[in-house]
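Chemist: This is the structure I have questions about; it appears just below.
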Amino acid sequence: MSAAATESDRDLSVGVEEEFFLVDESGHLSSSGPDVVAEAGHDIHGLQRELARCQIETATGVCHTGEELHEELRSLRRRLMKAAAGRDLLLVPSGTSLIAEGLPPAITPSPRYEAMARHFGSIVDTVTTCGCHVHVGIPSRDVGVLVSNQVRSWLPVLLALAANSPFHSGHDTGYHSWRHIMWSRWPSAGPPPHFDSADEYESSVGAMIGTGAAMDRGMIYWHVRLSDKQPTIEVRIADVAMTAAHAALYAVVVKGLVGWALRSIRDGHSVPWLRVELLRAQLWRAARDGLDGECTSPAADRSLPIRRHLELLNECVAPGLGASDRAFLESGLDTVLRDGTGAERQRAEFARVGTLAAVVDLLTREVIS
């Protein structure tokens, strides 16, 4: 499909941001997120407050292999669990909150978050979700736009692999990623358009801010976007992973796709691209059906089972990964296909025990796996 990978492809930098819920022993959301950040922020890399008081976010440093990333994610999650336990709280790695709450989650007090609440009204009350964002190093913003064009059609496969939010507010939603459906309420969220240049990308960002659909550049919530703070491309489609191992696997997949895109660009190979409305439709299907769904991809322009697309994705990205990452990827995909995604494991636990409290227990046990 493209020329052999260079050493620079294999050495692509990767980092992960993860959002989590804080709950009390009954599984209900806690409002102590800002307090945990204030007390533990000096000891946990990238720990920061989120829009809702029941959430916290961490960020890894710059990593280069799946194994390195897995160890750092486990360390961050372990320290975060300890910080939460200091307030008799639990860390829940799920894309949506499971237990029904009487009121919308409280907003973290800050001028920006309060302005968002005023500007977007009740949307803010309905989009409290936890995601996983993967950053991969790119040589320039011009190249980053081309990478986005190549990667965007893989988004349904990535969403199905990362689905971990079947339950919300006390019931089964019928979806594998209800977080995706909730997050889509933001007017600036969704798959990125196909851009001809970095100038067109910037023009679109400016136009969205100009309409008020985004208050600032930080609110451009495309599933693939260029970072304004780092020389990276950021893929934001995933639910937060149940386990650190699944988060690291997902990050290696994203890293591999960026490497594949760079090789394709270098070879002058442009992939067929979906119109935004068709990509949205395929993302809805992936959110509903998870790995049991169907979609197209750059590796097959006809609808195939997503499990088959995972095999094709592996064939595309493996040549650009080092030996350790190839082994990490194959082992991780085998585990997911055998044991299930986060969404599948949540549903299996509910079917086994019959209570959402048991699902919360499962999630809190699996945090550092």
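Identifiers in this document derive from the order of the structure tokens: chains are assigned A, B, ..., residues are numbered from 1 separately in each chain, and ligands are numbered from 1 in order of occurrence.
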Which residues come within 8 Å of region 19-21 of chain A, counting only C-alpha atoms, excluding same-chain residues fewer than 6 positions away, as a ChimeraX atom specification?

Modeler: /A:29,54-58,91-94,97,130-132,240

Chemist: Set the distance at 10 Å and use only C-alpha atoms: which residues neighbour Glu344 (chain A) once local chain neighbours fewer than 2 positions away are removed? I'd like the list as a list in words.

Modeler: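 So the residues in contact are Ala163, Asn164, Ser165, Pro166, His176, Gly290, Leu291, Val336, Asp339, Gly340, Thr341, Gly342, Gln346, Arg347, Ala348, Glu349 and Phe350 of chain A.
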
Chemist: Please provide as number ranges by chain all residues within 9 Å of Leu89 (chain A), with the sequence filter that same-chain residues fewer than 5 positions apart are discarded (counting only C-alpha atoms).

Modeler: A: 22-25, 30, 32, 81, 83-84

Chemist: Select from region 27-138 of chain A everything DSSP, run on the backbone, classes as strand (DSSP E), then give the selection as a ChimeraX atom specification.

Modeler: /A:48-49,55-59,90-92,131-137

Chemist: Write a file of the just-selected residues containing N, CA and C atoms, as a CSV table (one decimal), in the first residue's frame.

Modeler:
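Done, and the output landed in again.csv:
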chain,number,residue,atom,x,y,z
A,48,GLN,N,-6.0,17.9,36.2
A,48,GLN,CA,-6.7,19.2,36.2
A,48,GLN,C,-8.2,19.0,36.3
A,49,ARG,N,-8.9,20.1,36.6
A,49,ARG,CA,-10.3,20.1,36.7
A,49,ARG,C,-11.0,20.0,35.3
A,55,GLN,N,-15.8,15.3,37.7
A,55,GLN,CA,-14.8,14.8,36.8
A,55,GLN,C,-13.4,15.3,37.1
A,56,ILE,N,-12.4,14.5,36.7
A,56,ILE,CA,-11.0,15.0,36.7
A,56,ILE,C,-10.3,14.4,35.5
A,57,GLU,N,-9.2,15.0,35.1
A,57,GLU,CA,-8.5,14.6,33.9
A,57,GLU,C,-7.0,14.5,34.2
A,58,THR,N,-6.4,13.5,33.6
A,58,THR,CA,-4.9,13.4,33.7
A,58,THR,C,-4.3,13.3,32.3
A,59,ALA,N,-3.0,13.5,32.2
A,59,ALA,CA,-2.3,13.5,30.9
A,59,ALA,C,-1.0,12.8,31.1
A,90,LEU,N,-14.3,6.9,44.8
A,90,LEU,CA,-13.8,5.9,43.8
A,90,LEU,C,-13.7,6.5,42.4
A,91,LEU,N,-12.7,5.9,41.7
A,91,LEU,CA,-12.5,6.4,40.3
A,91,LEU,C,-13.2,5.5,39.4
A,92,VAL,N,-14.0,6.0,38.5
A,92,VAL,CA,-14.8,5.2,37.6
A,92,VAL,C,-14.5,5.5,36.1
A,131,GLY,N,-13.9,11.0,28.2
A,131,GLY,CA,-13.3,10.6,26.9
A,131,GLY,C,-11.8,10.3,27.1
A,132,CYS,N,-11.2,9.8,26.0
A,132,CYS,CA,-9.8,9.5,26.0
A,132,CYS,C,-9.3,10.2,24.7
A,133,HIS,N,-8.3,11.1,24.8
A,133,HIS,CA,-7.8,11.9,23.7
A,133,HIS,C,-6.3,11.5,23.5
A,134,VAL,N,-6.0,11.1,22.3
A,134,VAL,CA,-4.6,10.7,21.9
A,134,VAL,C,-4.0,11.7,21.1
A,135,HIS,N,-2.8,12.1,21.5
A,135,HIS,CA,-2.0,13.1,20.7
A,135,HIS,C,-0.8,12.3,20.1
A,136,VAL,N,-0.6,12.6,18.8
A,136,VAL,CA,0.6,12.0,18.1
A,136,VAL,C,1.3,13.1,17.4
A,137,GLY,N,2.7,13.1,17.5
A,137,GLY,CA,3.5,14.2,17.0
A,137,GLY,C,3.4,14.2,15.5

Chemist: Looking only at helix (DSSP H, G or I) from DSSP on the backbone, list the matching residues of region 201-297 of chain A as an NGL selection string.

Modeler: :A and (201-211 or 217-219 or 244-266 or 276-292)

Chemist: Give me, as a VMD selection string, all polymer residues having an atom no more than 9 Å from Val127 (chain A), counting only C-alpha atoms and skipping those fewer than 6 positions away in the same chain.

Modeler: chain A and resid 179 182 to 186

Chemist: Determine, counting only C-alpha atoms, which protein, DNA and RNA residues have an atom within 7 Å of an atom of region 61-69 of chain A; residues of the same chain fewer than 6 positions away are not included. Present the result as a list in words.

Modeler: Asp11, Leu12, Ser13, Val14, Gly15, Ala248, Leu249, Val252, Asp325 and Phe328 of chain A

Chemist: Leu146 (chain A): which residues within 9 Å, counting only C-alpha atoms, same-chain residues fewer than 4 positions away excluded, as a PyMOL selection string?

Modeler: chain A and resi 141-142+150-151+194-198+261-262+265

Chemist: How about saving the chosen residues, C-alpha atoms kept, as a compact mmCIF listing (two decimals), in the first residue's frame?

Modeler:
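Done, and the output landed in out-v3.txt:
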# COMPACT_ATOMS: atom_id res chain seq x y z
CA ARG A 141 0.15 21.87 10.74
CA ASP A 142 0.09 21.59 6.94
CA GLN A 150 -6.46 10.25 5.74
CA VAL A 151 -7.47 9.19 9.28
CA HIS A 194 -12.04 17.16 4.47
CA PHE A 195 -9.68 20.14 4.15
CA ASP A 196 -7.62 21.17 1.14
CA SER A 197 -5.09 23.09 3.22
CA ALA A 198 -4.17 24.38 6.66
CA ALA A 261 -1.17 8.35 6.92
CA LEU A 262 2.31 9.90 6.82
CA ILE A 265 1.12 11.18 2.03

Chemist: Let me make sure I understand: among A:Gly170, A:Gly322, A:Pro34, A:Pro192, which one has the smallest atom-to-atom distance to Glu234 (chain A) if we use only C-alpha atoms?

Modeler: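 Using only C-alpha atoms, the shortest distance to Glu234 (chain A) belongs to A:Pro192.
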
Chemist: Provide the CA of Asp172 (chain A) to CA of Leu155 (chain A) distance in Å, to one decimal place.

Modeler: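 Taking CA of Asp172 (chain A) as the start and CA of Leu155 (chain A) as the end point, the length is 23.8 Å.
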